[in-house]
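Quick look at model.tsv (TSV, C-alpha atoms):
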chain	number	residue	atom	x	y	z
A	289	GLY	CA	0.79	18.81	-1.73
A	290	GLN	CA	0.11	15.71	0.32
A	291	ASN	CA	1.18	15.31	3.91
A	292	ILE	CA	0.29	12.41	6.16
A	293	ASP	CA	1.74	12.28	9.66
A	294	GLN	CA	1.82	9.46	12.16
A	295	PRO	CA	4.12	8.69	15.10
A	296	THR	CA	7.20	6.71	14.13
A	297	GLU	CA	7.14	4.26	17.02
A	298	MET	CA	4.91	3.19	19.89
A	299	THR	CA	5.26	0.59	22.62
A	300	ALA	CA	2.40	-1.02	24.53
A	301	THR	CA	1.79	-3.93	26.88
A	302	GLU	CA	0.08	-7.19	25.99
A	303	GLY	CA	-3.62	-7.01	26.88
A	304	ALA	CA	-3.70	-3.21	26.87
A	305	ILE	CA	-5.28	-0.71	24.45
A	306	VAL	CA	-3.29	1.49	22.10
A	307	GLN	CA	-4.36	4.39	19.88
A	308	ILE	CA	-2.36	5.29	16.77
A	309	ASN	CA	-3.07	8.76	15.41
A	310	CYS	CA	-2.87	9.99	11.83
A	311	THR	CA	-3.29	13.54	10.52
A	312	TYR	CA	-3.50	14.34	6.86
A	313	GLN	CA	-3.49	17.23	4.41
A	314	THR	CA	-4.19	16.07	0.88
A	315	SER	CA	-5.42	17.69	-2.32
A	316	GLY	CA	-8.44	15.38	-2.39
A	317	PHE	CA	-10.10	12.88	-0.09
A	318	ASN	CA	-12.10	9.78	-0.88
A	319	GLY	CA	-11.56	7.76	2.26
A	320	LEU	CA	-8.85	6.68	4.67
A	321	PHE	CA	-7.38	3.22	5.03
A	322	TRP	CA	-5.47	1.56	7.82
A	323	TYR	CA	-3.17	-1.32	6.91
A	324	GLN	CA	-1.03	-3.64	8.99
A	325	GLN	CA	2.39	-4.56	7.65
A	326	HIS	CA	4.78	-7.13	9.08
A	327	ALA	CA	8.42	-6.82	8.09
A	328	GLY	CA	9.06	-8.04	4.55
A	329	GLU	CA	5.37	-8.62	3.84
A	330	ALA	CA	2.59	-6.83	1.98
A	331	PRO	CA	0.22	-4.39	3.68
A	332	THR	CA	-2.97	-6.14	4.78
A	333	PHE	CA	-6.29	-4.32	5.06
A	334	LEU	CA	-7.57	-3.42	8.52
A	335	SER	CA	-10.19	-0.70	8.12
A	336	TYR	CA	-11.64	1.96	5.86
A	337	ASN	CA	-13.43	5.19	6.81
A	338	VAL	CA	-15.08	7.53	4.35
A	339	LEU	CA	-17.62	9.20	6.65
A	340	ASP	CA	-16.99	10.79	10.04
A	341	GLY	CA	-17.27	8.53	13.03
A	342	LEU	CA	-16.14	5.25	14.43
A	343	GLU	CA	-15.93	1.94	12.56
A	344	GLU	CA	-15.54	-1.13	14.75
A	345	LYS	CA	-14.23	-4.46	13.56
A	346	GLY	CA	-13.45	-6.93	16.32
A	347	ARG	CA	-10.40	-5.82	18.30
A	348	PHE	CA	-9.75	-2.99	15.84
A	349	SER	CA	-11.63	0.31	15.55
A	350	SER	CA	-10.94	3.32	13.39
A	351	PHE	CA	-12.19	6.88	13.74
A	352	LEU	CA	-12.33	9.69	11.20
A	353	SER	CA	-12.91	13.43	11.43
A	354	ARG	CA	-12.78	14.94	7.94
A	355	SER	CA	-13.06	18.53	9.18
A	356	LYS	CA	-9.97	18.04	11.34
A	357	GLY	CA	-8.05	15.88	8.87
A	358	TYR	CA	-7.63	13.32	11.62
A	359	SER	CA	-8.00	9.61	12.12
A	360	TYR	CA	-6.99	7.08	14.71
A	361	LEU	CA	-6.70	3.32	14.86
A	362	LEU	CA	-7.59	1.72	18.20
A	363	LEU	CA	-6.30	-1.73	19.02
A	364	LYS	CA	-7.79	-3.50	22.04
A	365	GLU	CA	-6.64	-6.56	23.96
A	366	LEU	CA	-3.21	-6.33	22.43
A	367	GLN	CA	-1.46	-9.56	21.49
A	368	MET	CA	2.20	-10.15	20.76
A	369	LYS	CA	1.32	-10.84	17.11
A	370	ASP	CA	0.05	-7.25	16.83
A	371	SER	CA	3.67	-6.09	16.79
A	372	ALA	CA	3.92	-4.63	13.29
A	373	SER	CA	3.92	-1.40	11.32
A	374	TYR	CA	0.53	0.32	10.97
A	375	LEU	CA	0.07	2.39	7.84
A	376	CYS	CA	-2.39	5.24	7.40
A	377	ALA	CA	-3.27	5.87	3.74
A	378	VAL	CA	-5.54	8.46	2.12
A	379	ARG	CA	-7.45	7.56	-0.99
A	380	GLU	CA	-7.36	10.44	-3.44
A	381	PRO	CA	-9.90	10.68	-6.26
A	382	THR	CA	-7.79	11.03	-9.36
A	383	GLY	CA	-8.23	10.15	-12.98
A	384	GLY	CA	-6.44	6.93	-12.20
A	385	GLY	CA	-9.19	5.39	-10.15
A	386	ASN	CA	-8.09	6.44	-6.71
A	387	LYS	CA	-4.47	6.15	-5.77
A	388	LEU	CA	-3.37	5.79	-2.15
A	389	THR	CA	-0.95	8.17	-0.45
A	390	PHE	CA	0.71	6.58	2.57
A	391	GLY	CA	2.14	7.87	5.78
A	392	THR	CA	5.51	6.58	6.92
A	393	GLY	CA	3.87	4.05	9.24
A	394	THR	CA	3.90	3.57	13.01
A	395	GLN	CA	6.03	0.71	14.29
A	396	LEU	CA	4.15	-0.83	17.22
A	397	LYS	CA	5.99	-3.04	19.68
A	398	VAL	CA	3.88	-5.13	22.06
A	399	GLU	CA	5.70	-6.23	25.20
A	400	LEU	CA	4.85	-8.69	27.95
B	10	GLU	CA	-4.59	-17.68	-0.19
B	11	PRO	CA	-3.70	-14.28	-1.69
B	12	GLU	CA	-6.09	-12.90	-4.24
B	13	VAL	CA	-3.26	-11.26	-6.12
B	14	THR	CA	-0.15	-13.32	-6.80
B	15	GLN	CA	3.18	-11.77	-7.69
B	16	THR	CA	6.20	-13.46	-9.23
B	17	PRO	CA	9.02	-13.76	-8.53
B	18	SER	CA	8.97	-13.28	-4.78
B	19	HIS	CA	12.61	-12.20	-4.85
B	20	GLN	CA	14.82	-11.16	-7.76
B	21	VAL	CA	18.45	-10.19	-7.73
B	22	THR	CA	19.74	-8.42	-10.82
B	23	GLN	CA	22.84	-6.58	-11.95
B	24	MET	CA	22.74	-2.84	-12.45
B	25	GLY	CA	21.78	-1.97	-16.01
B	26	GLN	CA	19.81	-5.18	-16.60
B	27	GLU	CA	16.12	-5.29	-17.46
B	28	VAL	CA	13.65	-6.88	-15.07
B	29	ILE	CA	10.02	-7.82	-15.46
B	30	LEU	CA	7.82	-8.19	-12.41
B	31	ARG	CA	4.54	-10.04	-12.78
B	32	CYS	CA	1.17	-9.79	-11.09
B	33	VAL	CA	-1.59	-12.31	-11.60
B	34	PRO	CA	-5.00	-11.28	-10.31
B	35	ILE	CA	-7.43	-14.13	-9.82
B	36	SER	CA	-10.65	-12.45	-10.82
B	37	ASN	CA	-11.32	-9.95	-13.53
B	38	HIS	CA	-10.19	-6.69	-12.02
B	39	LEU	CA	-10.46	-3.38	-13.77
B	40	TYR	CA	-8.01	-1.11	-11.98
B	41	PHE	CA	-4.46	-2.18	-11.28
B	42	TYR	CA	-1.73	-0.33	-9.49
B	43	TRP	CA	1.97	-0.65	-8.83
B	44	TYR	CA	3.54	0.65	-5.64
B	45	ARG	CA	7.04	0.37	-4.31
B	46	GLN	CA	8.56	0.49	-0.84
B	47	ILE	CA	12.25	1.15	-0.36
B	48	LEU	CA	13.51	-0.55	2.79
B	49	GLY	CA	12.58	1.49	5.85
B	50	GLN	CA	10.56	4.00	3.87
B	51	LYS	CA	6.89	4.53	3.06
B	52	VAL	CA	4.85	2.86	0.37
B	53	GLU	CA	4.85	5.02	-2.78
B	54	PHE	CA	2.45	5.07	-5.73
B	55	LEU	CA	4.02	4.37	-9.12
B	56	VAL	CA	1.28	3.93	-11.70
B	57	SER	CA	-2.37	3.04	-12.23
B	58	PHE	CA	-3.64	1.04	-15.19
B	59	TYR	CA	-7.19	0.88	-16.44
B	60	ASN	CA	-8.66	-0.69	-19.51
B	61	ASN	CA	-5.19	-1.57	-20.82
B	62	GLU	CA	-3.92	1.99	-20.54
B	63	ILE	CA	-1.94	4.01	-18.04
B	64	SER	CA	-4.38	6.34	-16.31
B	65	GLU	CA	-1.98	8.04	-13.92
B	66	LYS	CA	1.70	7.87	-13.03
B	67	SER	CA	3.92	9.46	-10.40
B	68	GLU	CA	7.17	11.34	-10.94
B	69	ILE	CA	9.00	8.15	-9.94
B	70	PHE	CA	7.60	6.37	-13.00
B	71	ASP	CA	10.04	7.72	-15.57
B	72	ASP	CA	10.99	6.42	-19.01
B	73	GLN	CA	12.78	3.43	-17.47
B	74	PHE	CA	9.45	2.01	-16.33
B	75	SER	CA	6.62	0.52	-18.36
B	76	VAL	CA	3.50	-1.50	-17.64
B	77	GLU	CA	1.57	-3.95	-19.77
B	78	ARG	CA	-1.17	-6.50	-19.64
B	79	PRO	CA	0.12	-8.58	-22.53
B	80	ASP	CA	-2.27	-11.52	-22.43
B	81	GLY	CA	-5.30	-10.08	-20.68
B	82	SER	CA	-4.33	-11.80	-17.45
B	83	ASN	CA	-0.79	-11.08	-16.26
B	84	PHE	CA	-0.02	-7.51	-15.36
B	85	THR	CA	3.67	-6.65	-15.70
B	86	LEU	CA	6.01	-3.90	-14.57
B	87	LYS	CA	9.21	-3.61	-16.58
B	88	ILE	CA	12.28	-1.69	-15.50
B	89	ARG	CA	14.42	-1.23	-18.59
B	90	SER	CA	17.84	-0.52	-17.09
B	91	THR	CA	17.92	-1.04	-13.35
B	92	LYS	CA	19.76	1.25	-10.98
B	93	LEU	CA	20.90	0.57	-7.43
B	94	GLU	CA	18.17	2.86	-6.13
B	95	ASP	CA	15.50	0.67	-7.74
B	96	SER	CA	16.10	-1.87	-4.98
B	97	ALA	CA	12.79	-2.09	-3.15
B	98	MET	CA	9.67	-4.17	-2.55
B	99	TYR	CA	7.27	-3.80	-5.45
B	100	PHE	CA	3.58	-4.40	-4.81
B	101	CYS	CA	0.77	-4.64	-7.30
B	102	ALA	CA	-2.71	-3.83	-6.08
B	103	ARG	CA	-6.21	-4.17	-7.38
B	104	LEU	CA	-9.34	-2.18	-6.72
B	105	LEU	CA	-12.80	-3.67	-6.58
B	106	GLN	CA	-16.00	-2.16	-5.33
B	107	GLY	CA	-16.43	-2.01	-1.60
B	108	ALA	CA	-14.58	-0.63	1.37
B	109	ASP	CA	-11.96	-3.36	1.50
B	110	GLY	CA	-11.53	-3.59	-2.21
B	111	TYR	CA	-8.02	-2.11	-2.34
B	112	THR	CA	-5.84	-5.18	-1.90
B	113	PHE	CA	-2.12	-5.65	-2.30
B	114	GLY	CA	-0.28	-8.56	-3.79
B	115	SER	CA	2.37	-10.52	-1.93
B	116	GLY	CA	5.18	-8.37	-3.30
B	117	THR	CA	8.46	-8.85	-5.16
B	118	ARG	CA	11.69	-7.95	-3.44
B	119	LEU	CA	14.04	-6.52	-6.09
B	120	THR	CA	17.71	-6.27	-5.24
B	121	VAL	CA	19.98	-4.47	-7.71
B	122	VAL	CA	23.70	-5.16	-7.25

Would you give me this structure, written as C-alpha cells?
Amino acid sequence: GQNIDQPTEMTATEGAIVQINCTYQTSGFNGLFWYQQHAGEAPTFLSYNVLDGLEEKGRFSSFLSRSKGYSYLLLKELQMKDSASYLCAVREPTGGGNKLTFGTGTQLKVEL
Amino acid sequence: EPEVTQTPSHQVTQMGQEVILRCVPISNHLYFYWYRQILGQKVEFLVSFYNNEISEKSEIFDDQFSVERPDGSNFTLKIRSTKLEDSAMYFCARLLQGADGYTFGSGTRLTVV
C-alpha cells in the first residue's frame, strides 16, 4: 500500500527557517513533489525531486533520499504569506501516466 | 493566468442530481487527471485519461462517475447521482514533460445539499 507521512501542523517566526519532513512508503516511485496550498485554492507547484540530493529554488529547497524514503522542504526567510498547507506527493509510475499520491499536508503558521 | 481553467468555480446541487464539471486546458495536453479533496482531508486521485480513454481509476471512481473529452478540448467529469459525501473540491490536472509539468486547475467546489 501507499503511506505518506508529514507533520500535521508547524509554527515558525517571520524571517526564520523551517523544515517540513515527509516520509513515504509507496509501491512505486517516479519522483516527489512539494506543493503549496492556501485554503480554498488549488495546489501550486513548489519543487520536484527524482534523484537524491538537494534542489534549490530561491527561498525554497527540497531534499530527497530514496533509500530512506525521506524528503524535506526547507523554507528560508519566512514571510507571513508563506502561511499555508504544504503537500508532499509521490509520483507513482502506473499505466495511467503517473498518478500522484498525497500526504495529508502540513499546515504552516508564520507568526510575527 | 492559470494554464488549466475549471468551470464552474462553485456549484451547489441537490442530492440525487447530476453534475458536470469542466476543465479547459489551454494547450494540447495528452494526460489529464481528476482529483478531489474533501474539506480538511488530503488530495485524492480519481482517474487518469489518455488518448480519449480512461487509463487508470481509483476505488473512489465508481459507476456514478464518468469522464469525457466530448469536443477534443473540454475535459469533463460527470457525477450521475450526487450524494452528500461527494461534496468536495474537484481539481483537474495535466501532465506535460518536465519536472514542473504536473499542474492543477483552479478547482470546482461542489456542495451537495

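Closest approach to chain A from the set B:Leu86, B:Ile69, B:Val52, B:Cys101 is made by B:Val52, with distances taken over only C-alpha atoms.
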
For the interface of chain A with chain B (cut-off 8 Å, counting all atoms listed in the file), please tabulate each contacting residue of chain A alongside its nearest pair of atoms and their separation in Å to one decimal, rows sorted by chain and increasing number, as a Markdown table.
| residue | atom | partner | partner_atom | distance |
| --- | --- | --- | --- | --- |
| A:Glu329 | CA | B:Ser115 | CA | 6.8 |
| A:Ala330 | CA | B:Ser115 | CA | 5.4 |
| A:Pro331 | CA | B:Phe113 | CA | 6.5 |
| A:Thr332 | CA | B:Phe113 | CA | 7.1 |
| A:Phe333 | CA | B:Asp109 | CA | 6.8 |
| A:Ser335 | CA | B:Asp109 | CA | 7.4 |
| A:Tyr336 | CA | B:Ala108 | CA | 6.0 |
| A:Thr382 | CA | B:Glu65 | CA | 8.0 |
| A:Gly383 | CA | B:Ser64 | CA | 6.4 |
| A:Gly384 | CA | B:Ser64 | CA | 4.6 |
| A:Gly385 | CA | B:Tyr40 | CA | 6.9 |
| A:Lys387 | CA | B:Phe54 | CA | 7.0 |
| A:Leu388 | CA | B:Phe54 | CA | 6.9 |
| A:Thr389 | CA | B:Glu53 | CA | 7.0 |
| A:Phe390 | CA | B:Val52 | CA | 6.0 |
| A:Gly391 | CA | B:Lys51 | CA | 6.4 |
| A:Thr392 | CA | B:Lys51 | CA | 4.6 |
| A:Gly393 | CA | B:Lys51 | CA | 6.9 |

Worksheet item: When you draw a straight line from atom CA of Val13 of chain B to atom CA of Ser82 of chain B, how long is it in Å?
Response: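 If I compute the distance from atom CA of Val13 of chain B to atom CA of Ser82 of chain B, I get 11.4 Å.
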
Discussion item. Between atom CA of Ala304 of chain A and atom CA of Thr394 of chain A, what distance in Å does the model show, to one decimal?
Written reply: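 For atom CA of Ala304 of chain A relative to atom CA of Thr394 of chain A, the distance reads 17.2 Å.
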
Fill in: Two-atom distance - atom CA of Asn318 of chain A, atom CA of Leu339 of chain A (Å)
9.4 Å

Item to complete: Go through B:Gln15, B:Thr91, B:Thr22, B:Ser96 one by one, measure the shortest atom-to-atom distance of each to Phe74 of chain B using all atoms listed in the file, and give the residue with the smallest value.
Response: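 Closest to Phe74 of chain B, using all atoms listed in the file: B:Thr91.
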
Item to complete: Would you mind telling me which residue in B:Thr120, B:Asn61, B:Ala102, B:Glu94 lies nearest to Pro79 of chain B when using all atoms listed in the file?
Response: B:Asn61

Worksheet item: Can you tell me, as a ChimeraX atom specification, what residues are no more than 7 Å from Tyr374 of chain A when counting all atoms listed in the file, ignoring any on the same chain fewer than 6 positions away?
Response: /A:322-325,393-395

Selection export as a compact mmCIF listing (two decimals), in the frame of the given file, atoms kept: C-alpha atoms:
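Output contents, as saved in selection-v8.txt:
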# COMPACT_ATOMS: atom_id res chain seq x y z
CA TRP A 322 -5.47 1.56 7.82
CA TYR A 323 -3.17 -1.32 6.91
CA GLN A 324 -1.03 -3.64 8.99
CA GLN A 325 2.39 -4.56 7.65
CA GLY A 393 3.87 4.05 9.24
CA THR A 394 3.90 3.57 13.01
CA GLN A 395 6.03 0.71 14.29

Item to complete: May I have the residues within 7 Å of Gly303 of chain A as a PyMOL selection string, using only C-alpha atoms and disregarding those fewer than 2 positions away in the same chain?
Response: chain A and resi 301+305+365-367

Worksheet item: If I put a ball of radius 9 Å at (-8.8, 12.7, -4.2) in the file's coordinates, which residues poke into it when counting only C-alpha atoms, written as JSON, numbers by chain?
Response: {"A": [314, 315, 316, 317, 318, 319, 378, 379, 380, 381, 382, 386, 387]}

Since the input lacks some atoms of segment 89-114 of chain B, please model N, CA, C and O atoms and print them as a tab-separated table (two decimals), keeping the file's coordinate frame.
chain	number	residue	atom	x	y	z
B	89	ARG	N	13.59	-0.99	-17.42
B	89	ARG	CA	14.42	-1.23	-18.59
B	89	ARG	C	15.90	-1.38	-18.24
B	89	ARG	O	16.56	-2.27	-18.71
B	90	SER	N	16.42	-0.51	-17.44
B	90	SER	CA	17.84	-0.52	-17.09
B	90	SER	C	17.94	-0.19	-15.60
B	90	SER	O	17.90	0.97	-15.21
B	91	THR	N	18.03	-1.24	-14.79
B	91	THR	CA	17.92	-1.04	-13.35
B	91	THR	C	19.09	-0.27	-12.77
B	91	THR	O	20.24	-0.36	-13.24
B	92	LYS	N	18.76	0.51	-11.73
B	92	LYS	CA	19.76	1.25	-10.98
B	92	LYS	C	19.76	0.73	-9.53
B	92	LYS	O	18.80	0.09	-9.09
B	93	LEU	N	20.82	1.03	-8.82
B	93	LEU	CA	20.90	0.57	-7.43
B	93	LEU	C	19.70	1.05	-6.62
B	93	LEU	O	19.16	0.31	-5.79
B	94	GLU	N	19.26	2.28	-6.91
B	94	GLU	CA	18.17	2.86	-6.13
B	94	GLU	C	16.80	2.28	-6.48
B	94	GLU	O	15.80	2.65	-5.88
B	95	ASP	N	16.76	1.38	-7.45
B	95	ASP	CA	15.50	0.67	-7.74
B	95	ASP	C	15.27	-0.50	-6.79
B	95	ASP	O	14.21	-1.12	-6.81
B	96	SER	N	16.26	-0.81	-5.97
B	96	SER	CA	16.10	-1.87	-4.98
B	96	SER	C	14.98	-1.51	-4.02
B	96	SER	O	15.02	-0.46	-3.37
B	97	ALA	N	13.98	-2.38	-3.95
B	97	ALA	CA	12.79	-2.09	-3.15
B	97	ALA	C	11.86	-3.30	-3.20
B	97	ALA	O	12.08	-4.24	-3.96
B	98	MET	N	10.80	-3.24	-2.38
B	98	MET	CA	9.67	-4.17	-2.55
B	98	MET	C	8.71	-3.51	-3.53
B	98	MET	O	8.40	-2.32	-3.41
B	99	TYR	N	8.24	-4.30	-4.48
B	99	TYR	CA	7.27	-3.80	-5.45
B	99	TYR	C	5.96	-4.56	-5.24
B	99	TYR	O	5.94	-5.79	-5.24
B	100	PHE	N	4.89	-3.80	-5.04
B	100	PHE	CA	3.58	-4.40	-4.81
B	100	PHE	C	2.64	-4.02	-5.94
B	100	PHE	O	2.56	-2.85	-6.31
B	101	CYS	N	1.90	-5.00	-6.46
B	101	CYS	CA	0.77	-4.64	-7.30
B	101	CYS	C	-0.47	-4.63	-6.41
B	101	CYS	O	-0.48	-5.23	-5.32
B	102	ALA	N	-1.48	-3.94	-6.85
B	102	ALA	CA	-2.71	-3.83	-6.08
B	102	ALA	C	-3.87	-3.79	-7.06
B	102	ALA	O	-3.73	-3.40	-8.22
B	103	ARG	N	-5.01	-4.23	-6.56
B	103	ARG	CA	-6.21	-4.17	-7.38
B	103	ARG	C	-7.29	-3.45	-6.58
B	103	ARG	O	-7.28	-3.43	-5.36
B	104	LEU	N	-8.22	-2.89	-7.33
B	104	LEU	CA	-9.34	-2.18	-6.72
B	104	LEU	C	-10.64	-2.78	-7.21
B	104	LEU	O	-10.89	-2.84	-8.42
B	105	LEU	N	-11.44	-3.24	-6.26
B	105	LEU	CA	-12.80	-3.67	-6.58
B	105	LEU	C	-13.76	-2.75	-5.85
B	105	LEU	O	-13.35	-1.90	-5.07
B	106	GLN	N	-15.01	-2.92	-6.07
B	106	GLN	CA	-16.00	-2.16	-5.33
B	106	GLN	C	-15.98	-2.58	-3.87
B	106	GLN	O	-15.65	-3.69	-3.53
B	107	GLY	N	-16.34	-1.67	-3.02
B	107	GLY	CA	-16.43	-2.01	-1.60
B	107	GLY	C	-15.29	-1.42	-0.80
B	107	GLY	O	-14.24	-1.08	-1.32
B	108	ALA	N	-15.52	-1.30	0.47
B	108	ALA	CA	-14.58	-0.63	1.37
B	108	ALA	C	-13.24	-1.34	1.43
B	108	ALA	O	-12.21	-0.70	1.55
B	109	ASP	N	-13.23	-2.65	1.37
B	109	ASP	CA	-11.96	-3.36	1.50
B	109	ASP	C	-11.45	-3.82	0.15
B	109	ASP	O	-10.69	-4.76	0.04
B	110	GLY	N	-11.86	-3.12	-0.87
B	110	GLY	CA	-11.53	-3.59	-2.21
B	110	GLY	C	-10.14	-3.26	-2.69
B	110	GLY	O	-9.75	-3.67	-3.77
B	111	TYR	N	-9.37	-2.50	-1.93
B	111	TYR	CA	-8.02	-2.11	-2.34
B	111	TYR	C	-7.07	-3.09	-1.68
B	111	TYR	O	-6.70	-2.93	-0.52
B	112	THR	N	-6.63	-4.07	-2.45
B	112	THR	CA	-5.84	-5.18	-1.90
B	112	THR	C	-4.50	-5.28	-2.58
B	112	THR	O	-4.41	-5.13	-3.81
B	113	PHE	N	-3.48	-5.55	-1.79
B	113	PHE	CA	-2.12	-5.65	-2.30
B	113	PHE	C	-1.71	-7.09	-2.53
B	113	PHE	O	-2.13	-8.00	-1.82
B	114	GLY	N	-0.87	-7.27	-3.54
B	114	GLY	CA	-0.28	-8.56	-3.79
B	114	GLY	C	0.82	-8.85	-2.79
B	114	GLY	O	1.17	-8.01	-1.96
